[in-house]
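Everything below belongs to input-v2.cif, which stores mmCIF, N, CA and C atoms.
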```cif
data_upload
#
loop_
_atom_site.label_atom_id
_atom_site.label_comp_id
_atom_site.auth_asym_id
_atom_site.auth_seq_id
_atom_site.Cartn_x
_atom_site.Cartn_y
_atom_site.Cartn_z
N THR A 794 6.07 -15.18 -5.54
CA THR A 794 6.90 -14.22 -4.85
C THR A 794 6.08 -12.99 -4.45
N LEU A 795 5.32 -12.47 -5.40
CA LEU A 795 4.54 -11.27 -5.07
C LEU A 795 3.46 -11.58 -4.04
N HIS A 796 2.83 -12.75 -4.15
CA HIS A 796 1.81 -13.13 -3.16
C HIS A 796 2.40 -13.16 -1.75
N ALA A 797 3.65 -13.59 -1.64
CA ALA A 797 4.30 -13.72 -0.33
C ALA A 797 4.84 -12.40 0.19
N GLY A 798 4.77 -11.34 -0.61
CA GLY A 798 5.27 -10.06 -0.17
C GLY A 798 6.79 -9.96 -0.19
N VAL A 799 7.40 -10.72 -1.09
CA VAL A 799 8.85 -10.68 -1.23
C VAL A 799 9.20 -9.66 -2.31
N PRO A 800 10.06 -8.69 -2.00
CA PRO A 800 10.47 -7.74 -3.04
C PRO A 800 11.08 -8.48 -4.22
N LEU A 801 10.76 -8.03 -5.42
CA LEU A 801 11.14 -8.76 -6.62
C LEU A 801 12.01 -7.92 -7.54
N VAL A 802 13.08 -8.54 -8.03
CA VAL A 802 13.87 -8.00 -9.12
C VAL A 802 13.68 -8.99 -10.26
N ALA A 803 13.23 -8.51 -11.41
CA ALA A 803 12.93 -9.38 -12.54
C ALA A 803 13.42 -8.77 -13.84
N THR A 804 13.57 -9.61 -14.85
CA THR A 804 13.98 -9.11 -16.15
C THR A 804 12.76 -8.57 -16.90
N ALA A 805 12.97 -7.53 -17.65
CA ALA A 805 11.91 -6.87 -18.41
C ALA A 805 11.76 -7.55 -19.76
N VAL A 806 11.21 -8.75 -19.74
CA VAL A 806 11.01 -9.52 -20.97
C VAL A 806 9.56 -9.98 -21.06
N GLY A 807 9.13 -10.22 -22.28
CA GLY A 807 7.79 -10.76 -22.49
C GLY A 807 6.72 -9.95 -21.79
N GLY A 808 5.85 -10.65 -21.10
CA GLY A 808 4.75 -10.00 -20.40
C GLY A 808 5.05 -9.64 -18.96
N ILE A 809 6.30 -9.84 -18.53
CA ILE A 809 6.64 -9.57 -17.13
C ILE A 809 6.34 -8.12 -16.73
N PRO A 810 6.76 -7.12 -17.51
CA PRO A 810 6.45 -5.74 -17.08
C PRO A 810 4.96 -5.49 -16.87
N GLU A 811 4.13 -6.03 -17.74
CA GLU A 811 2.69 -5.84 -17.59
C GLU A 811 2.16 -6.62 -16.41
N LEU A 812 2.74 -7.79 -16.16
CA LEU A 812 2.28 -8.63 -15.07
C LEU A 812 2.58 -8.02 -13.71
N VAL A 813 3.78 -7.49 -13.53
CA VAL A 813 4.18 -6.99 -12.22
C VAL A 813 3.93 -5.50 -12.04
N GLY A 814 3.79 -4.75 -13.12
CA GLY A 814 3.57 -3.31 -13.01
C GLY A 814 4.69 -2.64 -12.23
N ASP A 815 4.32 -1.83 -11.26
CA ASP A 815 5.32 -1.12 -10.47
C ASP A 815 5.69 -1.89 -9.20
N ALA A 816 5.37 -3.18 -9.16
CA ALA A 816 5.60 -4.00 -7.97
C ALA A 816 6.93 -4.73 -8.01
N ALA A 817 7.82 -4.36 -8.92
CA ALA A 817 9.13 -5.01 -9.02
C ALA A 817 10.14 -4.04 -9.60
N GLU A 818 11.39 -4.31 -9.30
CA GLU A 818 12.49 -3.63 -9.97
C GLU A 818 12.76 -4.43 -11.24
N LEU A 819 12.68 -3.79 -12.39
CA LEU A 819 12.91 -4.47 -13.66
C LEU A 819 14.28 -4.12 -14.21
N VAL A 820 14.95 -5.14 -14.74
CA VAL A 820 16.27 -4.95 -15.34
C VAL A 820 16.26 -5.55 -16.73
N PRO A 821 17.13 -5.09 -17.60
CA PRO A 821 17.19 -5.64 -18.95
C PRO A 821 17.65 -7.10 -18.95
N TYR A 822 17.12 -7.86 -19.87
CA TYR A 822 17.51 -9.26 -20.04
C TYR A 822 18.99 -9.34 -20.43
N GLY A 823 19.69 -10.29 -19.86
CA GLY A 823 21.07 -10.53 -20.24
C GLY A 823 22.06 -9.52 -19.72
N ASP A 824 21.67 -8.75 -18.71
CA ASP A 824 22.56 -7.73 -18.16
C ASP A 824 22.84 -8.05 -16.69
N PRO A 825 23.83 -8.91 -16.43
CA PRO A 825 24.10 -9.30 -15.05
C PRO A 825 24.54 -8.13 -14.17
N ASP A 826 25.18 -7.15 -14.75
CA ASP A 826 25.58 -5.98 -13.96
C ASP A 826 24.36 -5.21 -13.47
N ALA A 827 23.38 -5.04 -14.34
CA ALA A 827 22.14 -4.35 -13.95
C ALA A 827 21.41 -5.15 -12.87
N LEU A 828 21.41 -6.47 -13.01
CA LEU A 828 20.76 -7.32 -12.02
C LEU A 828 21.46 -7.18 -10.67
N ALA A 829 22.78 -7.27 -10.67
CA ALA A 829 23.55 -7.15 -9.42
C ALA A 829 23.33 -5.78 -8.78
N THR A 830 23.32 -4.75 -9.59
CA THR A 830 23.12 -3.40 -9.06
C THR A 830 21.74 -3.26 -8.44
N ALA A 831 20.72 -3.77 -9.13
CA ALA A 831 19.35 -3.67 -8.61
C ALA A 831 19.20 -4.44 -7.31
N VAL A 832 19.77 -5.63 -7.24
CA VAL A 832 19.68 -6.43 -6.01
C VAL A 832 20.41 -5.72 -4.87
N ALA A 833 21.61 -5.26 -5.13
CA ALA A 833 22.39 -4.57 -4.09
C ALA A 833 21.67 -3.31 -3.61
N ARG A 834 21.12 -2.56 -4.55
CA ARG A 834 20.40 -1.33 -4.19
C ARG A 834 19.18 -1.67 -3.32
N LEU A 835 18.48 -2.73 -3.68
CA LEU A 835 17.30 -3.14 -2.93
C LEU A 835 17.69 -3.64 -1.53
N LEU A 836 18.77 -4.39 -1.45
CA LEU A 836 19.21 -4.89 -0.15
C LEU A 836 19.61 -3.74 0.78
N ALA A 837 20.07 -2.65 0.22
CA ALA A 837 20.51 -1.51 1.01
C ALA A 837 19.38 -0.53 1.35
N ASP A 838 18.17 -0.80 0.85
CA ASP A 838 17.08 0.16 1.00
C ASP A 838 15.85 -0.51 1.61
N PRO A 839 15.77 -0.60 2.93
CA PRO A 839 14.63 -1.27 3.56
C PRO A 839 13.29 -0.62 3.25
N ARG A 840 13.29 0.69 3.07
CA ARG A 840 12.04 1.38 2.74
C ARG A 840 11.52 0.94 1.37
N ARG A 841 12.42 0.83 0.39
CA ARG A 841 12.02 0.38 -0.95
C ARG A 841 11.55 -1.07 -0.91
N ARG A 842 12.22 -1.90 -0.11
CA ARG A 842 11.78 -3.30 0.02
C ARG A 842 10.36 -3.36 0.57
N THR A 843 10.07 -2.53 1.55
CA THR A 843 8.72 -2.49 2.12
C THR A 843 7.71 -2.02 1.08
N GLU A 844 8.06 -0.99 0.32
CA GLU A 844 7.18 -0.49 -0.74
C GLU A 844 6.90 -1.59 -1.77
N LEU A 845 7.95 -2.28 -2.20
CA LEU A 845 7.77 -3.34 -3.20
C LEU A 845 6.96 -4.50 -2.64
N ALA A 846 7.19 -4.85 -1.39
CA ALA A 846 6.42 -5.93 -0.78
C ALA A 846 4.94 -5.59 -0.76
N ARG A 847 4.64 -4.36 -0.36
CA ARG A 847 3.24 -3.92 -0.30
C ARG A 847 2.62 -3.89 -1.71
N ALA A 848 3.36 -3.31 -2.65
CA ALA A 848 2.86 -3.23 -4.03
C ALA A 848 2.71 -4.62 -4.64
N GLY A 849 3.62 -5.52 -4.30
CA GLY A 849 3.54 -6.88 -4.83
C GLY A 849 2.32 -7.63 -4.35
N ARG A 850 2.04 -7.53 -3.07
CA ARG A 850 0.83 -8.20 -2.54
C ARG A 850 -0.42 -7.61 -3.18
N ALA A 851 -0.46 -6.29 -3.34
CA ALA A 851 -1.63 -5.65 -3.96
C ALA A 851 -1.78 -6.09 -5.42
N ARG A 852 -0.66 -6.15 -6.14
CA ARG A 852 -0.71 -6.55 -7.55
C ARG A 852 -1.16 -8.00 -7.67
N ALA A 853 -0.59 -8.87 -6.85
CA ALA A 853 -0.93 -10.29 -6.91
C ALA A 853 -2.39 -10.54 -6.55
N ALA A 854 -2.95 -9.70 -5.70
CA ALA A 854 -4.36 -9.85 -5.32
C ALA A 854 -5.29 -9.60 -6.51
N GLU A 855 -4.79 -8.90 -7.54
CA GLU A 855 -5.60 -8.63 -8.74
C GLU A 855 -5.61 -9.81 -9.71
N TRP A 856 -4.66 -10.72 -9.55
CA TRP A 856 -4.56 -11.84 -10.48
C TRP A 856 -5.63 -12.88 -10.19
N PRO A 857 -6.02 -13.65 -11.20
CA PRO A 857 -6.98 -14.73 -10.94
C PRO A 857 -6.34 -15.81 -10.06
N THR A 858 -7.19 -16.47 -9.30
CA THR A 858 -6.70 -17.58 -8.48
C THR A 858 -6.43 -18.79 -9.38
N GLU A 859 -5.79 -19.80 -8.82
CA GLU A 859 -5.56 -21.03 -9.58
C GLU A 859 -6.89 -21.65 -9.99
N ASP A 860 -7.85 -21.65 -9.08
CA ASP A 860 -9.17 -22.20 -9.39
C ASP A 860 -9.84 -21.44 -10.53
N ASP A 861 -9.72 -20.11 -10.51
CA ASP A 861 -10.29 -19.30 -11.59
C ASP A 861 -9.64 -19.64 -12.93
N THR A 862 -8.34 -19.80 -12.91
CA THR A 862 -7.60 -20.11 -14.14
C THR A 862 -8.01 -21.46 -14.69
N VAL A 863 -8.09 -22.46 -13.83
CA VAL A 863 -8.51 -23.80 -14.26
C VAL A 863 -9.92 -23.75 -14.82
N ALA A 864 -10.81 -23.04 -14.16
CA ALA A 864 -12.20 -22.93 -14.63
C ALA A 864 -12.25 -22.27 -16.00
N GLN A 865 -11.43 -21.25 -16.20
CA GLN A 865 -11.42 -20.58 -17.50
C GLN A 865 -10.90 -21.49 -18.60
N VAL A 866 -9.83 -22.22 -18.32
CA VAL A 866 -9.28 -23.15 -19.31
C VAL A 866 -10.30 -24.23 -19.65
N LEU A 867 -10.96 -24.79 -18.65
CA LEU A 867 -11.97 -25.81 -18.90
C LEU A 867 -13.15 -25.26 -19.69
N SER A 868 -13.51 -24.01 -19.42
CA SER A 868 -14.59 -23.38 -20.15
C SER A 868 -14.24 -23.24 -21.64
N VAL A 869 -13.03 -22.81 -21.91
CA VAL A 869 -12.57 -22.68 -23.30
C VAL A 869 -12.55 -24.06 -23.96
N TYR A 870 -12.05 -25.05 -23.25
CA TYR A 870 -12.00 -26.41 -23.79
C TYR A 870 -13.41 -26.91 -24.12
N ASP A 871 -14.35 -26.71 -23.20
CA ASP A 871 -15.73 -27.12 -23.44
C ASP A 871 -16.31 -26.42 -24.67
N GLU A 872 -16.04 -25.14 -24.79
CA GLU A 872 -16.53 -24.37 -25.94
C GLU A 872 -15.95 -24.91 -27.24
N LEU A 873 -14.67 -25.19 -27.24
CA LEU A 873 -14.03 -25.73 -28.44
C LEU A 873 -14.59 -27.09 -28.79
N MET A 874 -14.82 -27.92 -27.81
CA MET A 874 -15.37 -29.26 -28.07
C MET A 874 -16.80 -29.19 -28.61
N GLN A 875 -17.58 -28.23 -28.15
CA GLN A 875 -18.95 -28.09 -28.61
C GLN A 875 -19.02 -27.53 -30.02
N ASN A 876 -18.01 -26.76 -30.41
CA ASN A 876 -18.03 -26.11 -31.71
C ASN A 876 -17.17 -26.80 -32.76
N ARG A 877 -16.68 -27.99 -32.45
CA ARG A 877 -15.84 -28.68 -33.43
C ARG A 877 -16.71 -29.32 -34.51
N PRO A 878 -16.15 -29.45 -35.69
CA PRO A 878 -16.92 -30.07 -36.77
C PRO A 878 -17.23 -31.53 -36.44
N ALA A 879 -18.38 -31.96 -36.87
CA ALA A 879 -18.80 -33.35 -36.59
C ALA A 879 -18.15 -34.32 -37.53
#
```
Could you rewrite the structure in this file as structure tokens?
Amino acid sequence: TLHAGVPLVATAVGGIPELVGDAAELVPYGDPDALATAVARLLADPRRRTELARAGRARAAEWPTEDDTVAQVLSVYDELMQNRPA
């Protein structure tokens, strides 16, 4: 969603706040009223949608690519395999 420049409303759980930073409207988990309010507010505010879209693309550009992630996982796997007991 952030890569595509789509304004995001997300729940503030787990690592989501750190992942999205200021590039999303965050609402508490399990609070449908807060979610509805945030979505309605965003739909009514084209300037905020543009800000979030811009911030989202910038934030997503900082994330590793899929290829980078796969390479990192394979590197860890190789390291574990080399260091396992014989």
Can you tell me, as a ChimeraX atom specification, what residues are no more than 7 Å from His796 in chain A when counting only C-alpha atoms, ignoring any on the same chain fewer than 2 positions away?
/A:794,798,849-850,853
Atom N of Gly823 in chain A to CA of Ala805 in chain A, straight-line distance in Å:
8.6 Å
Between A:Thr858, A:Tyr870, A:Pro821, A:Val832, which residue has the minimum interatomic distance to Ile809 in chain A, considering only C-alpha atoms?
A:Pro821
Residues within 6 Å of Leu801 in chain A, please, as a count of residues only. Count all atoms listed in the file; anything in the same chain fewer than 4 positions from it doesn't count.
4
For the structure I just gave you, how does DSSP split range 794-845 of chain A - specifically, which residues are strand (DSSP E)? Reply as an MDAnalysis selection string.
chainID A and resid 802:804 818:820
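Taking CA of Thr804 in chain A and atom N of Pro825 in chain A as endpoints, the distance between them is 9.9 Å.
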Expressed in Å to a single decimal, how great is the separation between CA of Arg842 in chain A and atom N of Pro800 in chain A?
6.0 Å
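Close contacts of Arg852 in chain A, defined as residues with an atom at most 7 Å away when counting all atoms listed in the file, with chain neighbours fewer than 3 positions off set aside, comprise Leu795, Val813, Ala816, Arg847, Ala848, Gly849, Glu855 and Trp856 of chain A.
Of all the residues in range 812-849 of chain A, the ones DSSP labels as helix (DSSP H, G or I) from the backbone are Leu812, Val813, Pro825, Asp826, Ala827, Leu828, Ala829, Thr830, Ala831, Val832, Ala833, Arg834, Leu835, Leu836, Pro839, Arg840, Arg841, Arg842, Thr843, Glu844, Leu845, Ala846, Arg847, Ala848 and Gly849 of chain A.
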Export of the given selection (N, CA and C atoms) as a compact mmCIF listing (two decimals), keeping the file's coordinate frame:
```
# COMPACT_ATOMS: atom_id res chain seq x y z
N LEU A 812 2.74 -7.79 -16.16
CA LEU A 812 2.28 -8.63 -15.07
C LEU A 812 2.58 -8.02 -13.71
N VAL A 813 3.78 -7.49 -13.53
CA VAL A 813 4.18 -6.99 -12.22
C VAL A 813 3.93 -5.50 -12.04
N PRO A 825 23.83 -8.91 -16.43
CA PRO A 825 24.10 -9.30 -15.05
C PRO A 825 24.54 -8.13 -14.17
N ASP A 826 25.18 -7.15 -14.75
CA ASP A 826 25.58 -5.98 -13.96
C ASP A 826 24.36 -5.21 -13.47
N ALA A 827 23.38 -5.04 -14.34
CA ALA A 827 22.14 -4.35 -13.95
C ALA A 827 21.41 -5.15 -12.87
N LEU A 828 21.41 -6.47 -13.01
CA LEU A 828 20.76 -7.32 -12.02
C LEU A 828 21.46 -7.18 -10.67
N ALA A 829 22.78 -7.27 -10.67
CA ALA A 829 23.55 -7.15 -9.42
C ALA A 829 23.33 -5.78 -8.78
N THR A 830 23.32 -4.75 -9.59
CA THR A 830 23.12 -3.40 -9.06
C THR A 830 21.74 -3.26 -8.44
N ALA A 831 20.72 -3.77 -9.13
CA ALA A 831 19.35 -3.67 -8.61
C ALA A 831 19.20 -4.44 -7.31
N VAL A 832 19.77 -5.63 -7.24
CA VAL A 832 19.68 -6.43 -6.01
C VAL A 832 20.41 -5.72 -4.87
N ALA A 833 21.61 -5.26 -5.13
CA ALA A 833 22.39 -4.57 -4.09
C ALA A 833 21.67 -3.31 -3.61
N ARG A 834 21.12 -2.56 -4.55
CA ARG A 834 20.40 -1.33 -4.19
C ARG A 834 19.18 -1.67 -3.32
N LEU A 835 18.48 -2.73 -3.68
CA LEU A 835 17.30 -3.14 -2.93
C LEU A 835 17.69 -3.64 -1.53
N LEU A 836 18.77 -4.39 -1.45
CA LEU A 836 19.21 -4.89 -0.15
C LEU A 836 19.61 -3.74 0.78
N PRO A 839 15.77 -0.60 2.93
CA PRO A 839 14.63 -1.27 3.56
C PRO A 839 13.29 -0.62 3.25
N ARG A 840 13.29 0.69 3.07
CA ARG A 840 12.04 1.38 2.74
C ARG A 840 11.52 0.94 1.37
N ARG A 841 12.42 0.83 0.39
CA ARG A 841 12.02 0.38 -0.95
C ARG A 841 11.55 -1.07 -0.91
N ARG A 842 12.22 -1.90 -0.11
CA ARG A 842 11.78 -3.30 0.02
C ARG A 842 10.36 -3.36 0.57
N THR A 843 10.07 -2.53 1.55
CA THR A 843 8.72 -2.49 2.12
C THR A 843 7.71 -2.02 1.08
N GLU A 844 8.06 -0.99 0.32
CA GLU A 844 7.18 -0.49 -0.74
C GLU A 844 6.90 -1.59 -1.77
N LEU A 845 7.95 -2.28 -2.20
CA LEU A 845 7.77 -3.34 -3.20
C LEU A 845 6.96 -4.50 -2.64
N ALA A 846 7.19 -4.85 -1.39
CA ALA A 846 6.42 -5.93 -0.78
C ALA A 846 4.94 -5.59 -0.76
N ARG A 847 4.64 -4.36 -0.36
CA ARG A 847 3.24 -3.92 -0.30
C ARG A 847 2.62 -3.89 -1.71
N ALA A 848 3.36 -3.31 -2.65
CA ALA A 848 2.86 -3.23 -4.03
C ALA A 848 2.71 -4.62 -4.64
N GLY A 849 3.62 -5.52 -4.30
CA GLY A 849 3.54 -6.88 -4.83
C GLY A 849 2.32 -7.63 -4.35
```
Completed range 848-874 of chain A (N, CA, C and O atoms) as a short mmCIF file (atom, residue, chain, number, x, y, z; two decimals), keeping the file's coordinate frame:
```
data_model
loop_
_atom_site.label_atom_id
_atom_site.label_comp_id
_atom_site.auth_asym_id
_atom_site.auth_seq_id
_atom_site.Cartn_x
_atom_site.Cartn_y
_atom_site.Cartn_z
N ALA A 848 3.36 -3.31 -2.65
CA ALA A 848 2.86 -3.23 -4.03
C ALA A 848 2.71 -4.62 -4.64
O ALA A 848 1.77 -4.87 -5.39
N GLY A 849 3.62 -5.52 -4.30
CA GLY A 849 3.54 -6.88 -4.83
C GLY A 849 2.32 -7.63 -4.35
O GLY A 849 1.62 -8.28 -5.13
N ARG A 850 2.04 -7.53 -3.07
CA ARG A 850 0.83 -8.20 -2.54
C ARG A 850 -0.42 -7.61 -3.18
O ARG A 850 -1.35 -8.34 -3.54
N ALA A 851 -0.46 -6.29 -3.34
CA ALA A 851 -1.63 -5.65 -3.96
C ALA A 851 -1.78 -6.09 -5.42
O ALA A 851 -2.88 -6.39 -5.88
N ARG A 852 -0.66 -6.15 -6.14
CA ARG A 852 -0.71 -6.55 -7.55
C ARG A 852 -1.16 -8.00 -7.67
O ARG A 852 -2.01 -8.34 -8.50
N ALA A 853 -0.59 -8.87 -6.85
CA ALA A 853 -0.93 -10.29 -6.91
C ALA A 853 -2.39 -10.54 -6.55
O ALA A 853 -3.01 -11.47 -7.07
N ALA A 854 -2.95 -9.70 -5.70
CA ALA A 854 -4.36 -9.85 -5.32
C ALA A 854 -5.29 -9.60 -6.51
O ALA A 854 -6.44 -10.05 -6.51
N GLU A 855 -4.79 -8.90 -7.54
CA GLU A 855 -5.60 -8.63 -8.74
C GLU A 855 -5.61 -9.81 -9.71
O GLU A 855 -6.44 -9.85 -10.61
N TRP A 856 -4.66 -10.72 -9.55
CA TRP A 856 -4.56 -11.84 -10.48
C TRP A 856 -5.63 -12.88 -10.19
O TRP A 856 -6.08 -13.03 -9.05
N PRO A 857 -6.02 -13.65 -11.20
CA PRO A 857 -6.98 -14.73 -10.94
C PRO A 857 -6.34 -15.81 -10.06
O PRO A 857 -5.13 -16.01 -10.10
N THR A 858 -7.19 -16.47 -9.30
CA THR A 858 -6.70 -17.58 -8.48
C THR A 858 -6.43 -18.79 -9.38
O THR A 858 -6.84 -18.82 -10.55
N GLU A 859 -5.79 -19.80 -8.82
CA GLU A 859 -5.56 -21.03 -9.58
C GLU A 859 -6.89 -21.65 -9.99
O GLU A 859 -7.03 -22.12 -11.12
N ASP A 860 -7.85 -21.65 -9.08
CA ASP A 860 -9.17 -22.20 -9.39
C ASP A 860 -9.84 -21.44 -10.53
O ASP A 860 -10.45 -22.04 -11.42
N ASP A 861 -9.72 -20.11 -10.51
CA ASP A 861 -10.29 -19.30 -11.59
C ASP A 861 -9.64 -19.64 -12.93
O ASP A 861 -10.32 -19.75 -13.96
N THR A 862 -8.34 -19.80 -12.91
CA THR A 862 -7.60 -20.11 -14.14
C THR A 862 -8.01 -21.46 -14.69
O THR A 862 -8.25 -21.61 -15.90
N VAL A 863 -8.09 -22.46 -13.83
CA VAL A 863 -8.51 -23.80 -14.26
C VAL A 863 -9.92 -23.75 -14.82
O VAL A 863 -10.21 -24.32 -15.88
N ALA A 864 -10.81 -23.04 -14.16
CA ALA A 864 -12.20 -22.93 -14.63
C ALA A 864 -12.25 -22.27 -16.00
O ALA A 864 -13.00 -22.69 -16.88
N GLN A 865 -11.43 -21.25 -16.20
CA GLN A 865 -11.42 -20.58 -17.50
C GLN A 865 -10.90 -21.49 -18.60
O GLN A 865 -11.46 -21.55 -19.69
N VAL A 866 -9.83 -22.22 -18.32
CA VAL A 866 -9.28 -23.15 -19.31
C VAL A 866 -10.30 -24.23 -19.65
O VAL A 866 -10.50 -24.56 -20.82
N LEU A 867 -10.96 -24.79 -18.65
CA LEU A 867 -11.97 -25.81 -18.90
C LEU A 867 -13.15 -25.26 -19.69
O LEU A 867 -13.70 -25.94 -20.56
N SER A 868 -13.51 -24.01 -19.42
CA SER A 868 -14.59 -23.38 -20.15
C SER A 868 -14.24 -23.24 -21.64
O SER A 868 -15.06 -23.52 -22.52
N VAL A 869 -13.03 -22.81 -21.91
CA VAL A 869 -12.57 -22.68 -23.30
C VAL A 869 -12.55 -24.06 -23.96
O VAL A 869 -12.99 -24.23 -25.10
N TYR A 870 -12.05 -25.05 -23.25
CA TYR A 870 -12.00 -26.41 -23.79
C TYR A 870 -13.41 -26.91 -24.12
O TYR A 870 -13.65 -27.44 -25.20
N ASP A 871 -14.35 -26.71 -23.20
CA ASP A 871 -15.73 -27.12 -23.44
C ASP A 871 -16.31 -26.42 -24.67
O ASP A 871 -16.98 -27.05 -25.50
N GLU A 872 -16.04 -25.14 -24.79
CA GLU A 872 -16.53 -24.37 -25.94
C GLU A 872 -15.95 -24.91 -27.24
O GLU A 872 -16.66 -25.08 -28.23
N LEU A 873 -14.67 -25.19 -27.24
CA LEU A 873 -14.03 -25.73 -28.44
C LEU A 873 -14.59 -27.09 -28.79
O LEU A 873 -14.79 -27.41 -29.98
N MET A 874 -14.82 -27.92 -27.81
CA MET A 874 -15.37 -29.26 -28.07
C MET A 874 -16.80 -29.19 -28.61
O MET A 874 -17.18 -29.97 -29.47
#
```
